[in-house]
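Have a look at the structure below before the remarks.
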Amino acid sequence: MVKVGVITVSDKGSRGEREDQGGPLIMDIVSELGWETEVSVIIPDEQPLIENKLIEYADEVKVDVIFTTGGTGFAPRDVTPEATLAVVDRLAPGIAEAMRMESMKITPKAMLSRAVAGIRGKTLIINLPGSPKGVKECLEFILPGLSHGIDVLQGNTGDCAEKKE
């Protein structure tokens with residue numbers, strides 16, 4: 001079973017001024033795959049807080065994948081990508097590229113996403129948009145390939161290439 005962590009990054013959400021819709025939506029969508037959300041939190045757009053939570057979920061809780069929602073735009077306080085880049089060991093650029101490419105088919109504003117994806121230890125970290133619509137669309141684009149990537153990351157699969165006889 002895939003263990004998931006969800007981090008909603010929102011100043012207003014962390015103060016109770018806005019209902020978090022993205023985080024619960026992520027949990028609902030992954031539960032349909034049989035994945036289990038181990039931990040979730042709403043925190044403000046503060047880079048050190050985001051970094052600390054990413055490290056905690058990856059290193060201590062040891063989830064397989066962390067989805068963040070929010071903080072990926074152009075606003076001065078949108079620092080989720082910077083926090084992610086500060087804690088990952090390796091990038092997984094194809095994930096963010098796929099989300100932007102597919103989202104561009106829906107709205108030209110997709111090019112404004114600064115979302116990134118990367119790997120810390122054996123944990124995949126993926127930045128998703130803050131809007132529930134964006135969360136749903138991006139998960140639909142990437143979830144079909146994630147199970148295999150998580151299996152490879154966890155060492156649960158053999159050679160990816162087909163062997164010819």
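By convention here, the chains of the structure tokens are called A, B, ... in the order presented, each chain's residues are numbered starting at 1, and ligands are numbered starting at 1 in the order presented.
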Tell me which protein, DNA and RNA residues are within 10 Å of Pro24 of chain A, counting only C-alpha atoms, leaving out same-chain ones fewer than 6 positions away, and put them as a ChimeraX atom specification. /A:6,8,40,132
Please return, as an NGL selection string, all residues of chain A that DSSP assigns to strand (DSSP E) on the basis of the backbone. :A and (3-9 or 36-43 or 65-69 or 90-91 or 117-120 or 123-128)
Just want the 9 Å neighbourhood of segment 93-100 of chain A, counted on only C-alpha atoms, with same-chain residues fewer than 4 positions away dropped. Output as a PyMOL selection string. chain A and resi 104-105+110-118+126-128+137-139+141-142+146
How would the residues just chosen look if you wrote them out with N, CA and C atoms as a PDB file, in the first residue's frame?
```
ATOM      1  N   MET A 104      -1.899  23.082 -19.969  1.00  0.00           N
ATOM      2  CA  MET A 104      -1.891  24.103 -21.028  1.00  0.00           C
ATOM      3  C   MET A 104      -2.993  23.849 -22.053  1.00  0.00           C
ATOM      4  N   LYS A 105      -3.425  22.599 -22.176  1.00  0.00           N
ATOM      5  CA  LYS A 105      -4.519  22.274 -23.088  1.00  0.00           C
ATOM      6  C   LYS A 105      -5.854  22.801 -22.571  1.00  0.00           C
ATOM      7  N   ALA A 110      -1.640  27.882 -17.152  1.00  0.00           N
ATOM      8  CA  ALA A 110      -0.834  26.760 -16.654  1.00  0.00           C
ATOM      9  C   ALA A 110       0.654  27.055 -16.751  1.00  0.00           C
ATOM     10  N   MET A 111       1.041  27.888 -17.722  1.00  0.00           N
ATOM     11  CA  MET A 111       2.462  28.212 -17.875  1.00  0.00           C
ATOM     12  C   MET A 111       2.987  29.006 -16.687  1.00  0.00           C
ATOM     13  N   LEU A 112       2.101  29.518 -15.855  1.00  0.00           N
ATOM     14  CA  LEU A 112       2.506  30.299 -14.687  1.00  0.00           C
ATOM     15  C   LEU A 112       2.806  29.422 -13.471  1.00  0.00           C
ATOM     16  N   SER A 113       2.556  28.146 -13.575  1.00  0.00           N
ATOM     17  CA  SER A 113       2.857  27.237 -12.468  1.00  0.00           C
ATOM     18  C   SER A 113       4.361  27.070 -12.312  1.00  0.00           C
ATOM     19  N   ARG A 114       4.827  27.190 -11.080  1.00  0.00           N
ATOM     20  CA  ARG A 114       6.243  26.971 -10.780  1.00  0.00           C
ATOM     21  C   ARG A 114       6.440  25.642 -10.048  1.00  0.00           C
ATOM     22  N   ALA A 115       5.430  24.780 -10.079  1.00  0.00           N
ATOM     23  CA  ALA A 115       5.482  23.497  -9.382  1.00  0.00           C
ATOM     24  C   ALA A 115       6.710  22.686  -9.788  1.00  0.00           C
ATOM     25  N   VAL A 116       7.250  21.950  -8.823  1.00  0.00           N
ATOM     26  CA  VAL A 116       8.360  21.044  -9.068  1.00  0.00           C
ATOM     27  C   VAL A 116       8.035  19.691  -8.449  1.00  0.00           C
ATOM     28  N   ALA A 117       8.829  18.700  -8.789  1.00  0.00           N
ATOM     29  CA  ALA A 117       8.728  17.373  -8.185  1.00  0.00           C
ATOM     30  C   ALA A 117      10.144  16.858  -7.989  1.00  0.00           C
ATOM     31  N   GLY A 118      10.331  16.120  -6.921  1.00  0.00           N
ATOM     32  CA  GLY A 118      11.654  15.583  -6.653  1.00  0.00           C
ATOM     33  C   GLY A 118      11.600  14.436  -5.671  1.00  0.00           C
ATOM     34  N   ILE A 126       5.678  15.998  -4.692  1.00  0.00           N
ATOM     35  CA  ILE A 126       5.056  16.611  -5.866  1.00  0.00           C
ATOM     36  C   ILE A 126       4.263  17.837  -5.440  1.00  0.00           C
ATOM     37  N   ASN A 127       4.573  18.979  -6.060  1.00  0.00           N
ATOM     38  CA  ASN A 127       3.819  20.208  -5.833  1.00  0.00           C
ATOM     39  C   ASN A 127       2.620  20.237  -6.768  1.00  0.00           C
ATOM     40  N   LEU A 128       1.438  20.408  -6.197  1.00  0.00           N
ATOM     41  CA  LEU A 128       0.205  20.558  -6.967  1.00  0.00           C
ATOM     42  C   LEU A 128      -0.306  21.987  -6.823  1.00  0.00           C
ATOM     43  N   GLU A 137      -7.311  17.959 -11.877  1.00  0.00           N
ATOM     44  CA  GLU A 137      -6.784  17.778 -13.233  1.00  0.00           C
ATOM     45  C   GLU A 137      -5.361  17.241 -13.211  1.00  0.00           C
ATOM     46  N   CYS A 138      -4.511  17.837 -12.391  1.00  0.00           N
ATOM     47  CA  CYS A 138      -3.108  17.399 -12.365  1.00  0.00           C
ATOM     48  C   CYS A 138      -2.970  15.967 -11.872  1.00  0.00           C
ATOM     49  N   LEU A 139      -3.742  15.590 -10.866  1.00  0.00           N
ATOM     50  CA  LEU A 139      -3.677  14.199 -10.404  1.00  0.00           C
ATOM     51  C   LEU A 139      -4.138  13.244 -11.493  1.00  0.00           C
ATOM     52  N   PHE A 141      -3.701  13.599 -14.599  1.00  0.00           N
ATOM     53  CA  PHE A 141      -2.619  13.505 -15.580  1.00  0.00           C
ATOM     54  C   PHE A 141      -1.490  12.596 -15.108  1.00  0.00           C
ATOM     55  N   ILE A 142      -1.144  12.657 -13.830  1.00  0.00           N
ATOM     56  CA  ILE A 142       0.075  11.985 -13.362  1.00  0.00           C
ATOM     57  C   ILE A 142      -0.133  10.657 -12.652  1.00  0.00           C
ATOM     58  N   LEU A 146       2.417   7.094 -11.673  1.00  0.00           N
ATOM     59  CA  LEU A 146       3.084   7.211 -10.369  1.00  0.00           C
ATOM     60  C   LEU A 146       3.314   5.889  -9.655  1.00  0.00           C
TER      61      LEU A 146
END
```
If you measure from atom CA of Ala58 of chain A to atom CA of Thr123 of chain A, what distance in Å do you get, rounded to one decimal?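 Rounded to one decimal, the two atoms are 5.6 Å apart.
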Enumerate the residues of segment 26-78 of chain A with a DSSP assignment of alpha helix (DSSP H), computed from the backbone, and present them as a PyMOL selection string. chain A and resi 26-32+47-55
Dump N, CA and C atoms for the selected residues as a PDB file, in the first residue's frame?
```
ATOM      1  N   ILE A  26      -7.239  15.717  -2.489  1.00  0.00           N
ATOM      2  CA  ILE A  26      -6.111  14.802  -2.728  1.00  0.00           C
ATOM      3  C   ILE A  26      -6.345  13.494  -1.982  1.00  0.00           C
ATOM      4  N   MET A  27      -6.721  13.592  -0.700  1.00  0.00           N
ATOM      5  CA  MET A  27      -6.942  12.388   0.112  1.00  0.00           C
ATOM      6  C   MET A  27      -8.050  11.522  -0.468  1.00  0.00           C
ATOM      7  N   ASP A  28      -9.134  12.142  -0.946  1.00  0.00           N
ATOM      8  CA  ASP A  28     -10.232  11.376  -1.551  1.00  0.00           C
ATOM      9  C   ASP A  28      -9.775  10.653  -2.816  1.00  0.00           C
ATOM     10  N   ILE A  29      -9.047  11.377  -3.662  1.00  0.00           N
ATOM     11  CA  ILE A  29      -8.616  10.786  -4.940  1.00  0.00           C
ATOM     12  C   ILE A  29      -7.645   9.627  -4.711  1.00  0.00           C
ATOM     13  N   VAL A  30      -6.668   9.794  -3.822  1.00  0.00           N
ATOM     14  CA  VAL A  30      -5.707   8.708  -3.616  1.00  0.00           C
ATOM     15  C   VAL A  30      -6.333   7.525  -2.888  1.00  0.00           C
ATOM     16  N   SER A  31      -7.346   7.791  -2.052  1.00  0.00           N
ATOM     17  CA  SER A  31      -8.007   6.672  -1.364  1.00  0.00           C
ATOM     18  C   SER A  31      -8.740   5.773  -2.358  1.00  0.00           C
ATOM     19  N   GLU A  32      -9.197   6.357  -3.473  1.00  0.00           N
ATOM     20  CA  GLU A  32      -9.850   5.561  -4.514  1.00  0.00           C
ATOM     21  C   GLU A  32      -8.877   4.580  -5.159  1.00  0.00           C
ATOM     22  N   GLN A  47       8.685  29.362   4.095  1.00  0.00           N
ATOM     23  CA  GLN A  47       9.599  28.357   3.563  1.00  0.00           C
ATOM     24  C   GLN A  47      10.193  27.439   4.625  1.00  0.00           C
ATOM     25  N   PRO A  48      10.680  27.945   5.769  1.00  0.00           N
ATOM     26  CA  PRO A  48      11.237  27.021   6.765  1.00  0.00           C
ATOM     27  C   PRO A  48      10.204  26.014   7.291  1.00  0.00           C
ATOM     28  N   LEU A  49       8.957  26.443   7.463  1.00  0.00           N
ATOM     29  CA  LEU A  49       7.906  25.528   7.929  1.00  0.00           C
ATOM     30  C   LEU A  49       7.633  24.445   6.891  1.00  0.00           C
ATOM     31  N   ILE A  50       7.577  24.852   5.631  1.00  0.00           N
ATOM     32  CA  ILE A  50       7.325  23.885   4.553  1.00  0.00           C
ATOM     33  C   ILE A  50       8.479  22.879   4.480  1.00  0.00           C
ATOM     34  N   GLU A  51       9.701  23.377   4.508  1.00  0.00           N
ATOM     35  CA  GLU A  51      10.874  22.488   4.475  1.00  0.00           C
ATOM     36  C   GLU A  51      10.842  21.503   5.632  1.00  0.00           C
ATOM     37  N   ASN A  52      10.582  21.996   6.839  1.00  0.00           N
ATOM     38  CA  ASN A  52      10.572  21.126   8.018  1.00  0.00           C
ATOM     39  C   ASN A  52       9.502  20.042   7.912  1.00  0.00           C
ATOM     40  N   LYS A  53       8.331  20.399   7.394  1.00  0.00           N
ATOM     41  CA  LYS A  53       7.246  19.420   7.266  1.00  0.00           C
ATOM     42  C   LYS A  53       7.583  18.383   6.193  1.00  0.00           C
ATOM     43  N   LEU A  54       8.174  18.819   5.078  1.00  0.00           N
ATOM     44  CA  LEU A  54       8.601  17.874   4.037  1.00  0.00           C
ATOM     45  C   LEU A  54       9.631  16.887   4.591  1.00  0.00           C
ATOM     46  N   ILE A  55      10.594  17.403   5.327  1.00  0.00           N
ATOM     47  CA  ILE A  55      11.629  16.542   5.927  1.00  0.00           C
ATOM     48  C   ILE A  55      11.008  15.569   6.926  1.00  0.00           C
TER      49      ILE A  55
END
```
Using only C-alpha atoms: which of A:Glu46, A:Pro108, A:Gly145, A:Asp151 has the shortest distance to Pro76 of chain A: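 Closest to Pro76 of chain A of all the choices is A:Glu46.
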Restricting to only C-alpha atoms, whichever of A:Val65, A:Ile125, A:Tyr57, A:Lys3 is closest to Thr84 of chain A is A:Ile125
Skipping near chain neighbours, those fewer than 5 positions away, what residues fall within 9 Å of Val61 of chain A using only C-alpha atoms, listed as a ChimeraX atom specification? /A:5,38-39,56
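Summary of the local environment: counting only C-alpha atoms, residues at most 7 Å from Asp45 of chain A, other than itself and those fewer than 5 positions away along its chain, are Val9, Ser10, Asp11, Gly71, Arg77, Asp78 and Val79 of chain A.
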At what distance in Å, to one decimal, does atom CA of Ala92 of chain A lie from atom CA of Gly149 of chain A?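 Value for the atom CA of Gly149 of chain A-atom CA of Ala92 of chain A distance: 10.1 Å.
Proximity of A:Ser14, A:Thr157, A:Asp64, A:Thr72 to Val135 of chain A, computed with only C-alpha atoms, is greatest for A:Thr72.
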Between atom CA of Lys136 of chain A and atom CA of Met1 of chain A, distance in Å (one decimal): 21.3 Å
